[in-house]
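**Q** Dropping in model_5.txt, with compact mmCIF, C-alpha atoms.
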# COMPACT_ATOMS: atom_id res chain seq x y z
CA MET A 74 61.31 172.89 -24.43
CA SER A 75 58.58 175.53 -24.62
CA VAL A 76 58.37 178.18 -21.94
CA VAL A 77 55.38 180.48 -21.71
CA ILE A 78 55.18 183.69 -19.73
CA ILE A 79 51.55 184.55 -19.04
CA LYS A 80 50.70 187.93 -20.48
CA TYR A 81 48.33 190.06 -18.45
CA ASN A 82 47.58 193.65 -17.53
CA ALA A 83 50.25 194.26 -14.93
CA GLY A 84 53.58 192.61 -14.54
CA ASN A 85 57.30 192.40 -14.83
CA ILE A 86 56.82 190.53 -18.06
CA PHE A 87 59.60 192.16 -20.02
CA SER A 88 62.07 191.59 -17.17
CA VAL A 89 61.19 187.92 -16.88
CA ASP A 90 61.41 187.52 -20.65
CA SER A 91 64.80 189.26 -20.61
CA ALA A 92 66.04 186.97 -17.85
CA MET A 93 65.00 183.96 -19.97
CA LYS A 94 66.87 185.41 -22.96
CA ARG A 95 70.00 185.81 -20.80
CA LEU A 96 69.67 182.11 -19.97
CA GLY A 97 69.40 181.32 -23.68
CA VAL A 98 65.67 180.48 -23.58
CA GLU A 99 63.23 181.96 -26.07
CA ALA A 100 60.04 182.20 -24.04
CA THR A 101 56.62 183.00 -25.52
CA VAL A 102 54.74 185.84 -23.89
CA THR A 103 51.07 185.13 -24.45
CA ASP A 104 47.56 185.04 -23.02
CA ASP A 105 46.53 182.38 -25.58
CA LYS A 106 44.98 179.62 -23.52
CA LYS A 107 46.00 176.78 -25.84
CA LEU A 108 49.62 177.92 -25.92
CA ILE A 109 49.70 178.25 -22.14
CA GLU A 110 48.14 174.83 -21.59
CA SER A 111 50.51 173.09 -23.99
CA ALA A 112 53.74 174.68 -22.74
CA ASN A 113 56.38 172.62 -20.89
CA LYS A 114 56.89 175.39 -18.34
CA VAL A 115 54.69 178.30 -17.38
CA ILE A 116 55.83 181.46 -15.64
CA PHE A 117 53.22 183.65 -13.93
CA PRO A 118 54.96 186.97 -13.27
CA GLY A 119 53.61 189.82 -11.27
CA VAL A 120 54.16 193.36 -10.22
CA GLY A 121 51.02 195.21 -9.38
CA GLU A 122 47.98 195.37 -7.20
CA ALA A 123 46.05 192.23 -6.25
CA GLY A 124 42.48 193.50 -6.70
CA THR A 125 42.84 194.95 -10.22
CA THR A 126 44.95 192.03 -11.34
CA MET A 127 42.58 189.31 -10.09
CA LYS A 128 39.69 191.13 -11.76
CA TYR A 129 41.57 191.12 -15.05
CA LEU A 130 42.49 187.43 -14.74
CA HIS A 131 38.88 186.57 -13.98
CA GLU A 132 37.45 188.62 -16.85
CA ASN A 133 39.85 186.92 -19.25
CA GLY A 134 39.25 183.42 -17.95
CA LEU A 135 42.88 183.07 -16.91
CA ASP A 136 42.06 182.30 -13.27
CA THR A 137 40.52 178.90 -13.97
CA LEU A 138 43.20 178.14 -16.55
CA ILE A 139 46.13 178.79 -14.15
CA ARG A 140 44.48 176.80 -11.35
CA ASN A 141 44.21 173.75 -13.61
CA LEU A 142 47.68 173.74 -15.17
CA LYS A 143 49.53 170.43 -14.90
CA GLN A 144 53.07 171.37 -15.97
CA PRO A 145 55.59 173.14 -13.68
CA VAL A 146 54.33 176.67 -12.99
CA LEU A 147 56.44 179.40 -11.39
CA GLY A 148 54.65 182.33 -9.79
CA ILE A 149 56.76 185.38 -9.04
CA CYS A 150 56.02 188.07 -6.42
CA LEU A 151 52.40 189.14 -6.96
CA GLY A 152 52.09 185.95 -9.04
CA MET A 153 52.86 183.97 -5.88
CA GLN A 154 50.41 185.98 -3.79
CA LEU A 155 47.66 185.52 -6.37
CA MET A 156 48.24 181.75 -6.23
CA CYS A 157 47.21 181.85 -2.56
CA LYS A 158 43.65 181.75 -1.29
CA HIS A 159 42.94 185.30 -0.25
CA SER A 160 44.87 188.56 -0.03
CA GLU A 161 44.37 191.39 2.42
CA GLU A 162 45.29 193.72 -0.44
CA ALA A 163 41.91 195.11 -1.52
CA ASP A 164 40.32 192.11 0.29
CA THR A 165 40.81 189.96 -2.80
CA ASP A 166 39.84 186.33 -3.34
CA CYS A 167 42.71 184.74 -5.24
CA LEU A 168 43.39 181.51 -7.14
CA GLY A 169 43.57 179.20 -4.14
CA VAL A 170 46.40 176.95 -5.35
CA PHE A 171 48.10 177.35 -1.97
CA ASP A 172 45.67 177.11 0.90
CA THR A 173 46.99 180.14 2.78
CA GLY A 174 46.23 183.82 3.12
CA VAL A 175 48.31 186.86 2.17
CA LYS A 176 48.74 189.47 4.88
CA ARG A 177 49.93 193.04 5.05
CA PHE A 178 53.16 193.64 6.95
CA ILE A 179 52.52 195.37 10.26
CA PRO A 180 55.78 197.08 11.26
CA GLU A 181 56.94 196.41 14.80
CA ARG A 182 59.83 198.86 14.93
CA HIS A 183 60.33 202.08 13.03
CA GLU A 184 63.17 200.46 11.04
CA ASP A 185 60.66 198.00 9.60
CA LYS A 186 59.65 200.04 6.60
CA ILE A 187 56.95 198.93 4.23
CA PRO A 188 57.32 197.91 1.42
CA HIS A 189 60.01 195.40 2.25
CA MET A 190 62.26 196.57 -0.53
CA GLY A 191 65.74 195.41 -1.36
CA TRP A 192 68.12 192.53 -0.92
CA ASN A 193 67.54 190.03 1.86
CA THR A 194 68.73 186.49 2.59
CA ILE A 195 66.88 183.17 2.23
CA GLN A 196 67.04 180.38 4.84
CA ASP A 197 65.87 176.77 5.23
CA VAL A 198 65.87 176.40 1.46
CA LYS A 199 64.45 173.21 -0.05
CA LEU A 200 65.04 171.30 -3.26
CA PRO A 201 64.25 171.18 -6.11
CA LEU A 202 64.06 174.93 -6.72
CA PHE A 203 66.84 175.70 -4.25
CA ASP A 204 70.26 174.00 -4.07
CA PRO A 205 71.75 173.85 -0.57
CA SER A 206 74.36 176.32 -1.89
CA LEU A 207 71.62 178.98 -2.06
CA GLU A 208 71.20 178.99 1.74
CA ASN A 209 71.76 182.51 3.11
CA GLN A 210 72.19 184.06 -0.35
CA TYR A 211 70.76 187.50 -1.11
CA VAL A 212 67.74 187.86 -3.37
CA TYR A 213 65.70 190.91 -4.33
CA PHE A 214 62.32 191.63 -2.74
CA VAL A 215 59.74 194.36 -3.30
CA HIS A 216 56.44 193.79 -1.52
CA SER A 217 54.09 195.12 1.13
CA TYR A 218 52.16 191.91 1.67
CA TYR A 219 53.54 188.54 2.71
CA VAL A 220 52.60 184.88 2.91
CA PRO A 221 52.98 183.47 6.46
CA LEU A 222 55.00 180.31 6.99
CA ASN A 223 52.93 177.25 6.10
CA ILE A 224 53.27 173.65 5.00
CA TYR A 225 54.17 174.73 1.44
CA THR A 226 57.06 177.03 2.48
CA THR A 227 60.35 176.12 0.75
CA ALA A 228 62.46 179.16 1.70
CA VAL A 229 62.20 181.55 4.64
CA THR A 230 63.15 185.22 4.91
CA ASP A 231 63.02 187.28 8.07
CA TYR A 232 61.61 190.78 7.82
CA VAL A 233 59.36 191.99 10.64
CA LEU A 234 58.75 188.25 11.08
CA PRO A 235 59.86 185.05 9.33
CA PHE A 236 57.68 184.66 6.21
CA SER A 237 57.52 182.49 3.08
CA ALA A 238 60.12 183.51 0.51
CA ALA A 239 59.04 180.57 -1.63
CA LEU A 240 56.26 177.99 -1.87
CA HIS A 241 55.84 174.62 -3.55
CA LYS A 242 52.87 172.32 -3.94
CA ASP A 243 52.67 169.61 -6.61
CA ASN A 244 53.52 171.29 -9.94
CA PHE A 245 53.20 174.81 -8.54
CA TYR A 246 56.27 176.75 -7.46
CA ALA A 247 56.42 180.35 -6.36
CA THR A 248 58.85 182.94 -5.08
CA GLN A 249 58.04 186.13 -3.23
CA PHE A 250 61.32 187.63 -4.40
CA HIS A 251 62.23 188.40 -7.99
CA PRO A 252 64.64 185.77 -9.34
CA GLU A 253 64.78 187.74 -12.61
CA LYS A 254 66.24 190.66 -10.64
CA SER A 255 68.42 188.74 -8.21
CA GLY A 256 71.67 188.62 -10.16
CA SER A 257 73.47 185.27 -10.45
CA VAL A 258 71.57 183.76 -7.48
CA GLY A 259 68.30 184.43 -9.27
CA GLU A 260 69.65 182.94 -12.48
CA GLN A 261 70.48 179.74 -10.61
CA ILE A 262 66.91 179.48 -9.30
CA LEU A 263 65.42 180.07 -12.75
CA THR A 264 67.79 177.45 -14.20
CA ASN A 265 66.62 174.98 -11.55
CA PHE A 266 63.01 175.67 -12.48
CA LEU A 267 63.71 175.14 -16.18
CA LYS A 268 65.36 171.78 -15.35
CA LEU A 269 62.25 170.43 -13.56
CA MET B 349 68.79 191.03 7.39
CA LEU B 350 67.83 193.62 4.81
CA ALA B 351 70.97 195.01 3.17
CA LYS B 352 71.64 198.71 2.72
CA ARG B 353 71.57 199.44 -0.99
CA ILE B 354 74.18 201.15 -3.16
CA ILE B 355 72.60 202.75 -6.20
CA PRO B 356 74.52 204.30 -9.08
CA CYS B 357 72.44 206.95 -10.82
CA LEU B 358 72.71 207.66 -14.51
CA ASP B 359 71.36 210.93 -15.84
CA ILE B 360 70.49 210.38 -19.48
CA LYS B 361 70.42 213.05 -22.13
CA ASP B 362 69.96 212.04 -25.78
CA GLY B 363 70.94 208.48 -24.98
CA THR B 364 74.16 209.21 -23.13
CA THR B 365 75.07 209.51 -19.46
CA VAL B 366 75.66 212.94 -18.01
CA LYS B 367 76.10 214.25 -14.52
CA GLY B 368 75.68 217.83 -13.48
CA ILE B 369 77.57 219.75 -10.85
CA ASN B 370 74.85 221.52 -8.85
CA PHE B 371 72.48 220.73 -11.74
CA VAL B 372 74.41 222.75 -14.37
CA ASN B 373 77.56 222.21 -16.48
CA LEU B 374 76.81 218.74 -17.78
CA ARG B 375 79.75 216.48 -18.58
CA ASN B 376 79.61 213.32 -20.67
CA ALA B 377 80.01 210.25 -18.49
CA GLY B 378 79.67 207.36 -20.93
CA ASP B 379 77.34 204.85 -22.53
CA PRO B 380 74.42 203.96 -20.20
CA VAL B 381 74.15 200.28 -21.15
CA GLU B 382 77.87 199.68 -20.76
CA LEU B 383 77.81 201.47 -17.40
CA ALA B 384 74.74 199.51 -16.31
CA LYS B 385 76.39 196.19 -17.14
CA LYS B 386 79.60 197.21 -15.42
CA TYR B 387 77.80 198.31 -12.23
CA SER B 388 75.63 195.22 -12.17
CA ALA B 389 78.69 192.99 -12.44
CA GLU B 390 80.52 194.96 -9.73
CA GLY B 391 77.73 194.45 -7.22
CA ALA B 392 75.49 197.51 -7.51
CA ASP B 393 72.20 196.74 -5.79
CA GLU B 394 70.00 198.80 -8.04
CA LEU B 395 70.27 201.42 -10.77
CA VAL B 396 68.44 204.66 -11.39
CA PHE B 397 68.12 206.21 -14.86
CA LEU B 398 66.82 209.74 -15.08
CA ASP B 399 65.80 211.01 -18.50
CA ILE B 400 66.66 214.68 -18.49
CA THR B 401 65.81 215.18 -22.16
CA ALA B 402 62.03 215.11 -21.72
CA THR B 403 61.21 215.96 -25.34
CA HIS B 404 58.95 213.69 -27.37
CA GLU B 405 61.83 212.26 -29.47
CA GLY B 406 63.98 212.01 -26.35
CA ARG B 407 61.33 209.94 -24.61
CA LYS B 408 61.18 207.47 -27.48
CA THR B 409 64.98 207.12 -27.40
CA PHE B 410 64.80 206.67 -23.64
CA THR B 411 62.17 203.90 -23.89
CA ASP B 412 64.39 202.04 -26.36
CA LEU B 413 67.29 202.50 -23.97
CA VAL B 414 65.23 201.15 -21.05
CA GLU B 415 64.55 198.00 -23.08
CA ARG B 416 68.26 197.56 -23.84
CA ILE B 417 69.12 198.00 -20.16
CA ALA B 418 66.49 195.46 -19.08
CA LEU B 419 67.83 192.95 -21.59
CA ASN B 420 71.35 193.30 -20.31
CA ILE B 421 71.17 193.52 -16.53
CA SER B 422 69.80 191.29 -13.79
CA ILE B 423 69.31 193.80 -10.99
CA PRO B 424 66.37 196.15 -10.42
CA PHE B 425 66.24 199.61 -11.89
CA THR B 426 64.16 202.72 -11.57
CA VAL B 427 63.48 205.20 -14.33
CA GLY B 428 62.37 208.78 -14.09
CA GLY B 429 62.02 211.96 -16.05
CA GLY B 430 59.25 212.96 -18.41
CA ILE B 431 56.55 210.98 -16.63
CA ASN B 432 53.38 213.03 -16.94
CA GLU B 433 50.61 210.49 -16.98
CA LEU B 434 49.78 206.88 -16.28
CA SER B 435 50.41 205.84 -19.88
CA ASP B 436 54.06 206.92 -19.45
CA VAL B 437 54.30 204.65 -16.42
CA ALA B 438 52.77 201.72 -18.30
CA ARG B 439 55.16 202.30 -21.22
CA LEU B 440 58.28 202.33 -19.03
CA LEU B 441 57.23 199.34 -16.93
CA GLY B 442 56.43 197.56 -20.18
CA ALA B 443 59.95 198.31 -21.41
CA GLY B 444 61.34 196.50 -18.38
CA ALA B 445 61.67 199.16 -15.69
CA ASP B 446 60.93 197.95 -12.16
CA LYS B 447 59.97 201.28 -10.67
CA VAL B 448 59.29 204.78 -11.87
CA SER B 449 60.23 207.95 -10.11
CA VAL B 450 58.06 211.03 -10.28
CA ASN B 451 59.33 214.44 -9.26
CA SER B 452 58.03 217.72 -10.73
CA THR B 453 54.90 216.04 -12.09
CA ALA B 454 53.90 214.86 -8.64
CA LEU B 455 54.42 218.30 -7.13
CA ARG B 456 52.17 219.79 -9.82
CA ASN B 457 49.66 216.93 -9.76
CA PRO B 458 49.97 214.93 -6.51
CA GLN B 459 47.08 212.69 -7.56
CA ILE B 460 49.44 210.87 -9.95
CA ILE B 461 51.02 209.18 -6.92
CA ASN B 462 47.64 207.76 -5.89
CA ASP B 463 46.99 206.70 -9.47
CA ILE B 464 50.33 204.92 -9.86
CA ALA B 465 49.90 203.18 -6.50
CA THR B 466 46.36 202.07 -7.32
CA ASN B 467 47.16 200.85 -10.81
CA PHE B 468 50.61 199.35 -10.38
CA GLY B 469 51.22 199.08 -6.62
CA SER B 470 53.00 201.39 -4.19
CA GLN B 471 56.29 199.60 -4.66
CA VAL B 472 56.48 200.84 -8.24
CA CYS B 473 56.22 204.48 -7.20
CA VAL B 474 59.34 206.33 -6.13
CA CYS B 475 58.74 209.95 -5.22
CA ALA B 476 61.90 211.90 -6.02
CA ILE B 477 62.30 215.22 -4.27
CA ASP B 478 64.87 217.91 -5.05
CA ALA B 479 65.13 220.26 -2.12
CA ARG B 480 67.33 223.13 -0.98
CA PHE B 481 67.81 224.73 2.41
CA ASP B 482 66.39 228.25 1.93
CA ASN B 483 66.02 230.65 4.87
CA GLY B 484 65.91 227.92 7.47
CA LYS B 485 63.55 225.60 5.56
CA TRP B 486 64.05 222.72 3.15
CA MET B 487 62.02 223.80 0.12
CA CYS B 488 61.06 221.52 -2.78
CA TYR B 489 62.00 222.46 -6.33
CA THR B 490 60.62 221.39 -9.70
CA SER B 491 62.09 221.17 -13.20
CA GLY B 492 65.52 219.87 -12.26
CA GLY B 493 65.99 222.44 -9.54
CA ARG B 494 64.92 225.50 -11.54
CA ASN B 495 61.65 226.47 -9.86
CA VAL B 496 60.96 226.73 -6.17
CA THR B 497 57.59 225.56 -4.84
CA ASP B 498 55.76 226.48 -1.65
CA LYS B 499 56.17 222.94 -0.33
CA ASP B 500 58.50 221.99 2.46
CA LEU B 501 60.47 218.72 2.10
CA PHE B 502 59.10 216.99 5.19
CA THR B 503 55.47 217.96 4.59
CA TRP B 504 55.61 216.92 0.95
CA ALA B 505 57.40 213.62 1.67
CA LYS B 506 54.74 212.74 4.25
CA GLU B 507 51.98 213.65 1.81
CA ALA B 508 53.62 211.49 -0.88
CA GLU B 509 53.77 208.58 1.55
CA ASP B 510 50.11 209.04 2.49
CA ARG B 511 49.19 209.10 -1.20
CA GLY B 512 50.90 205.78 -1.77
CA ALA B 513 54.53 206.41 -2.73
CA GLY B 514 56.66 203.37 -1.97
CA GLU B 515 59.96 205.15 -1.55
CA ILE B 516 61.38 208.66 -1.21
CA LEU B 517 64.48 209.65 -3.17
CA PHE B 518 65.71 212.86 -1.59
CA THR B 519 68.37 214.90 -3.39
CA SER B 520 69.84 217.81 -1.52
CA MET B 521 70.58 220.47 -4.11
CA ASP B 522 73.00 222.07 -1.66
CA HIS B 523 75.05 218.87 -1.46
CA ASP B 524 74.67 217.54 -5.01
CA GLY B 525 77.90 217.45 -6.99
CA VAL B 526 80.07 219.05 -4.32
CA LYS B 527 81.28 215.77 -2.77
CA GLN B 528 81.25 216.87 0.85
CA GLY B 529 78.86 214.21 2.12
CA TYR B 530 75.10 213.70 2.14
CA ALA B 531 72.55 215.96 3.89
CA ASN B 532 72.45 213.60 6.86
CA GLU B 533 70.60 215.81 9.30
CA ALA B 534 67.66 216.29 6.93
CA LEU B 535 67.85 212.62 5.89
CA CYS B 536 67.68 211.45 9.48
CA ARG B 537 64.66 213.61 10.16
CA LEU B 538 63.05 212.39 6.96
CA SER B 539 63.78 208.76 7.71
CA GLU B 540 62.38 209.04 11.23
CA SER B 541 59.21 210.77 10.09
CA LEU B 542 58.37 208.27 7.34
CA ASN B 543 57.46 204.60 7.22
CA ILE B 544 58.75 204.02 3.70
CA PRO B 545 62.40 203.62 2.61
CA VAL B 546 64.47 206.74 2.02
CA ILE B 547 67.21 206.94 -0.61
CA ALA B 548 69.94 209.48 0.09
CA SER B 549 71.15 211.43 -2.91
CA GLY B 550 73.62 214.25 -3.47
CA GLY B 551 77.04 214.72 -1.95
CA ALA B 552 78.95 211.42 -2.09
CA GLY B 553 82.69 211.98 -2.40
CA THR B 554 84.31 209.34 -0.20
CA MET B 555 83.46 205.91 1.17
CA GLU B 556 83.03 207.47 4.62
CA HIS B 557 80.20 209.58 3.22
CA PHE B 558 78.27 206.40 2.41
CA ARG B 559 78.87 205.01 5.89
CA ASP B 560 77.72 208.27 7.47
CA THR B 561 74.51 208.49 5.50
CA PHE B 562 73.59 204.99 6.68
CA THR B 563 74.57 205.53 10.33
CA GLN B 564 73.81 209.24 10.83
CA GLY B 565 71.33 209.85 8.00
CA LYS B 566 69.53 206.54 8.66
CA ALA B 567 69.11 206.15 4.92
CA ASP B 568 67.97 202.81 3.52
CA ALA B 569 69.92 203.28 0.32
CA ALA B 570 72.58 205.65 -0.99
CA LEU B 571 72.62 206.94 -4.52
CA ALA B 572 75.62 208.46 -6.27
CA ALA B 573 76.75 209.21 -9.78
CA SER B 574 80.07 210.83 -10.55
CA VAL B 575 82.15 208.97 -7.94
CA PHE B 576 81.14 205.80 -9.77
CA HIS B 577 81.12 207.10 -13.35
CA PHE B 578 84.59 208.57 -13.07
CA GLY B 579 86.00 205.56 -11.25
CA GLU B 580 86.78 207.40 -8.02
CA ILE B 581 85.08 204.71 -5.93
CA ALA B 582 84.73 201.07 -7.02
CA ILE B 583 81.48 199.51 -5.78
CA LYS B 584 83.26 196.30 -4.78
CA ASP B 585 85.68 198.24 -2.54
CA LEU B 586 82.84 200.33 -1.13
CA LYS B 587 80.87 197.22 -0.15
CA GLN B 588 83.95 195.72 1.49
CA TYR B 589 84.57 198.93 3.40
CA LEU B 590 80.94 199.16 4.61
CA ARG B 591 81.05 195.54 5.73
CA THR B 592 84.11 196.22 7.91
CA GLU B 593 82.24 199.23 9.32
CA GLY B 594 79.48 196.88 10.47
CA ILE B 595 76.92 197.87 7.86
CA SER B 596 74.85 195.09 6.32
CA VAL B 597 75.44 194.98 2.56
CA ARG B 598 75.00 192.33 -0.09
Can you turn what I pasted into structure tokens?
**A**
Amino acid sequence: MSVVIIKYNAGNIFSVDSAMKRLGVEATVTDDKKLIESANKVIFPGVGEAGTTMKYLHENGLDTLIRNLKQPVLGICLGMQLMCKHSEEADTDCLGVFDTGVKRFIPERHEDKIPHMGWNTIQDVKLPLFDPSLENQYVYFVHSYYVPLNIYTTAVTDYVLPFSAALHKDNFYATQFHPEKSGSVGEQILTNFLKL
Amino acid sequence: MLAKRIIPCLDIKDGTTVKGINFVNLRNAGDPVELAKKYSAEGADELVFLDITATHEGRKTFTDLVERIALNISIPFTVGGGINELSDVARLLGAGADKVSVNSTALRNPQIINDIATNFGSQVCVCAIDARFDNGKWMCYTSGGRNVTDKDLFTWAKEAEDRGAGEILFTSMDHDGVKQGYANEALCRLSESLNIPVIASGGAGTMEHFRDTFTQGKADAALAASVFHFGEIAIKDLKQYLRTEGISVR
């Protein structure tokens, strides 16, 4: 099985690659379009800012490529947000895989600090990415923008309001949290993705 | 519910872990990668690695170390020390760090906070502040506590937030290394005046100190070094204790 991690200007690429290595998978980190298109699994990582990142993807022709992938794709954190239609971060038009917007958290109480940073639980988890045993487990989040609940939501986390911790549509999967940084729970989720 | 975080901090000098008592008299506290793996397995929520070498050769060693840590652990970690420009940030994030902390550099050149936030996102930027209570005011220090600045803790923390810092790591130099508890009064004021998470640092000696910094200091996370490095408190026991005290932990 070939696993490709899309290489681009910002990202938690090394961390995702390391997580794959810990699972015994030698992933290829590349921006080579042919390699990405022919891979069995594609991971679209992301730590960064939406505007700059989308601009980079567009300039390098990666936006169209990602949108048209047919194999299982996993977007992580900013990767997930960029797979949505539009982000309030720098008023950015994104890839549009998931027909939903990305909004900035508006704190309701002083305790609701932004970014939402740290370990929080996931609820209403759905197969195939999430086993029922992952219900209420802690995963690691770092983000200031969120995807509201929508028809593609496959896991819910409550912070300020219930939002999408994960999405799924056709061959596209995405998590707002960082499975590569979520200890053994995260490893389980990555293993489930690799088994798709 | 968002869990309160427990964060072991590893001060790194020439590739090994050290911890100062009031920022002087460094003692060897073990191999960083081994410690990182041990803490990750025991349930640490995050790790912080501060490079206190800050020479050119030291930085190269540190980057290699960051890569080895990232390969071996599955929890987030922050690195700091010797970050002077954006290329340093890119290098450390590229080596697998999740966040970078800036301290003296940001006090000298506050614009770097804006630049990190713009280029990599606010969540990557931890603003670390070393402060001491001098003549009735919490004053910020640079260079590992050697030089006083004219900036007050609360004013500077607010400025850092406004510039785009994603988190404040406040170390009380008065409390650091003396194990009498965190600077909860200042932490509480800090936490109430900011809209970004605050990490308490300096002063942990007992499990009660962690509880108090969450309840009285209103900290979002508590950082400690020697109590963990020297085995005085096991993270697993600490989590269990905090849970029985009604504090939400992973």
**Q** Between A:Glu260, A:Asp197, A:Glu122, A:Glu132, which has the minimum distance to chain B (counting only C-alpha atoms)?
**A**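 Looking only at the distances to chain B, the closest residue turns out to be A:Glu122.
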**Q** Go through A:Tyr129, A:Tyr225, A:Phe266, A:Phe203 and flag the residue nearest chain B, using only C-alpha atoms for the distances.
**A**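 So, comparing all the options, the nearest one is A:Tyr129.
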**Q** May I ask which of the residues A:Ile116, A:Leu142, A:Ala239, A:Ile195 is the closest one to Asn223 (chain A), counting only C-alpha atoms?
**A**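 Looking at the shortest contact to Asn223 (chain A), the residue is A:Ala239.
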**Q** Could you please select, counting all atoms listed in the file, the residues of chain B within 7 Å of chain A and state them as an mmCIF file with C-alpha atoms, keeping the file's coordinate frame?
**A**
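Dumped everything to result07.cif:
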data_model
loop_
_atom_site.group_PDB
_atom_site.id
_atom_site.type_symbol
_atom_site.label_atom_id
_atom_site.label_comp_id
_atom_site.auth_asym_id
_atom_site.auth_seq_id
_atom_site.Cartn_x
_atom_site.Cartn_y
_atom_site.Cartn_z
ATOM 1 C CA MET B 349 68.790 191.030 7.390
ATOM 2 C CA LEU B 350 67.830 193.620 4.810
ATOM 3 C CA ALA B 351 70.970 195.010 3.170
ATOM 4 C CA ALA B 418 66.490 195.460 -19.080
ATOM 5 C CA LEU B 419 67.830 192.950 -21.590
ATOM 6 C CA SER B 422 69.800 191.290 -13.790
ATOM 7 C CA ILE B 423 69.310 193.800 -10.990
ATOM 8 C CA PRO B 424 66.370 196.150 -10.420
ATOM 9 C CA GLY B 442 56.430 197.560 -20.180
ATOM 10 C CA ALA B 443 59.950 198.310 -21.410
ATOM 11 C CA GLY B 444 61.340 196.500 -18.380
ATOM 12 C CA THR B 466 46.360 202.070 -7.320
ATOM 13 C CA ASN B 467 47.160 200.850 -10.810
ATOM 14 C CA PHE B 468 50.610 199.350 -10.380
ATOM 15 C CA GLY B 469 51.220 199.080 -6.620
ATOM 16 C CA GLN B 471 56.290 199.600 -4.660
ATOM 17 C CA GLY B 514 56.660 203.370 -1.970
ATOM 18 C CA ASN B 543 57.460 204.600 7.220
ATOM 19 C CA ILE B 544 58.750 204.020 3.700
ATOM 20 C CA PRO B 545 62.400 203.620 2.610
ATOM 21 C CA ARG B 598 75.000 192.330 -0.090
#
**Q** Between A:Met74, A:Met127, A:Leu96, A:Ile149, which has the minimum distance to Ala163 (chain A) (counting only C-alpha atoms)?
**A**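 For Ala163 (chain A), the nearest of the candidates is A:Met127.
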**Q** Take the point (62.9, 201.8, -23.0) in the file's coordinates, draw a sphere of radius 9 Å around it, and report as a list in words every protein, DNA or RNA residue with an atom inside or on it, counting all atoms listed in the file.
**A**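 Residues satisfying the cut-off, written out: Arg407, Lys408, Thr409, Phe410, Thr411, Asp412, Leu413, Val414, Glu415, Arg416, Ile417, Ala418, Arg439, Leu440, Leu441, Gly442, Ala443, Gly444 and Ala445 of chain B.
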**Q** Could you give me, as a list in words, the residues that sit within 6 Å of (47.8, 185.4, 4.0) in the file's coordinates, counting all atoms listed in the file?
**A**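 Within the cut-off we find Ser160, Thr173, Gly174, Val175, Lys176 and Val220 of chain A.
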**Q** How many Å lie between CA of Tyr218 (chain A) and CA of Ile179 (chain A), rounded to one decimal?
**A**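 According to the coordinates, CA of Tyr218 (chain A) and CA of Ile179 (chain A) are separated by 9.3 Å.
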**Q** Identify which of the residues B:Lys506, B:Arg494, B:Lys527, B:Lys361 lies closest to Val575 (chain B), counting all atoms listed in the file when measuring atom-to-atom distances.
**A** B:Lys527
**Q** Work out how far CA of Asp399 (chain B) is from CA of Gly430 (chain B), in Å to one decimal.
**A**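 We find that CA of Gly430 (chain B) and CA of Asp399 (chain B) lie 6.8 Å from each other.
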**Q** For CA of Leu269 (chain A) and CA of Leu130 (chain A), determine how far apart the two atoms are, in Å to one decimal place.
**A** 26.1 Å
**Q** Could you name the residues that touch Asn244 (chain A) at 8 Å or less, counting all atoms listed in the file, but leaving out those on the same chain fewer than 5 positions away, as a list in words?
**A** Lys143, Gln144, Pro145 and Val146 of chain A
**Q** Hey, what's within 7 Å of Val597 (chain B) if we count all atoms listed in the file and toss same-chain stuff fewer than 5 positions away? As a PyMOL selection string, please?
**A** chain B and resi 351-353+587+591
**Q** Give me, as a ChimeraX atom specification, all polymer residues having an atom no more than 10 Å from Gly594 (chain B), counting only C-alpha atoms and skipping those fewer than 5 positions away in the same chain.
**A** /B:559,563,589
**Q** Give me the residues near Gly134 (chain A) as a PyMOL selection string, where near means some atom within 12 Å (using only C-alpha atoms) and where sequence neighbours in that chain fewer than 6 positions away do not count.
**A** chain A and resi 81+104-106+127-128+140-141+168
**Q** Using only C-alpha atoms, which residue out of A:Ser237, A:Tyr246, A:Lys80, A:Ser206 lies closest to Leu267 (chain A)?
**A**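 Result for the nearest residue to Leu267 (chain A): A:Tyr246.
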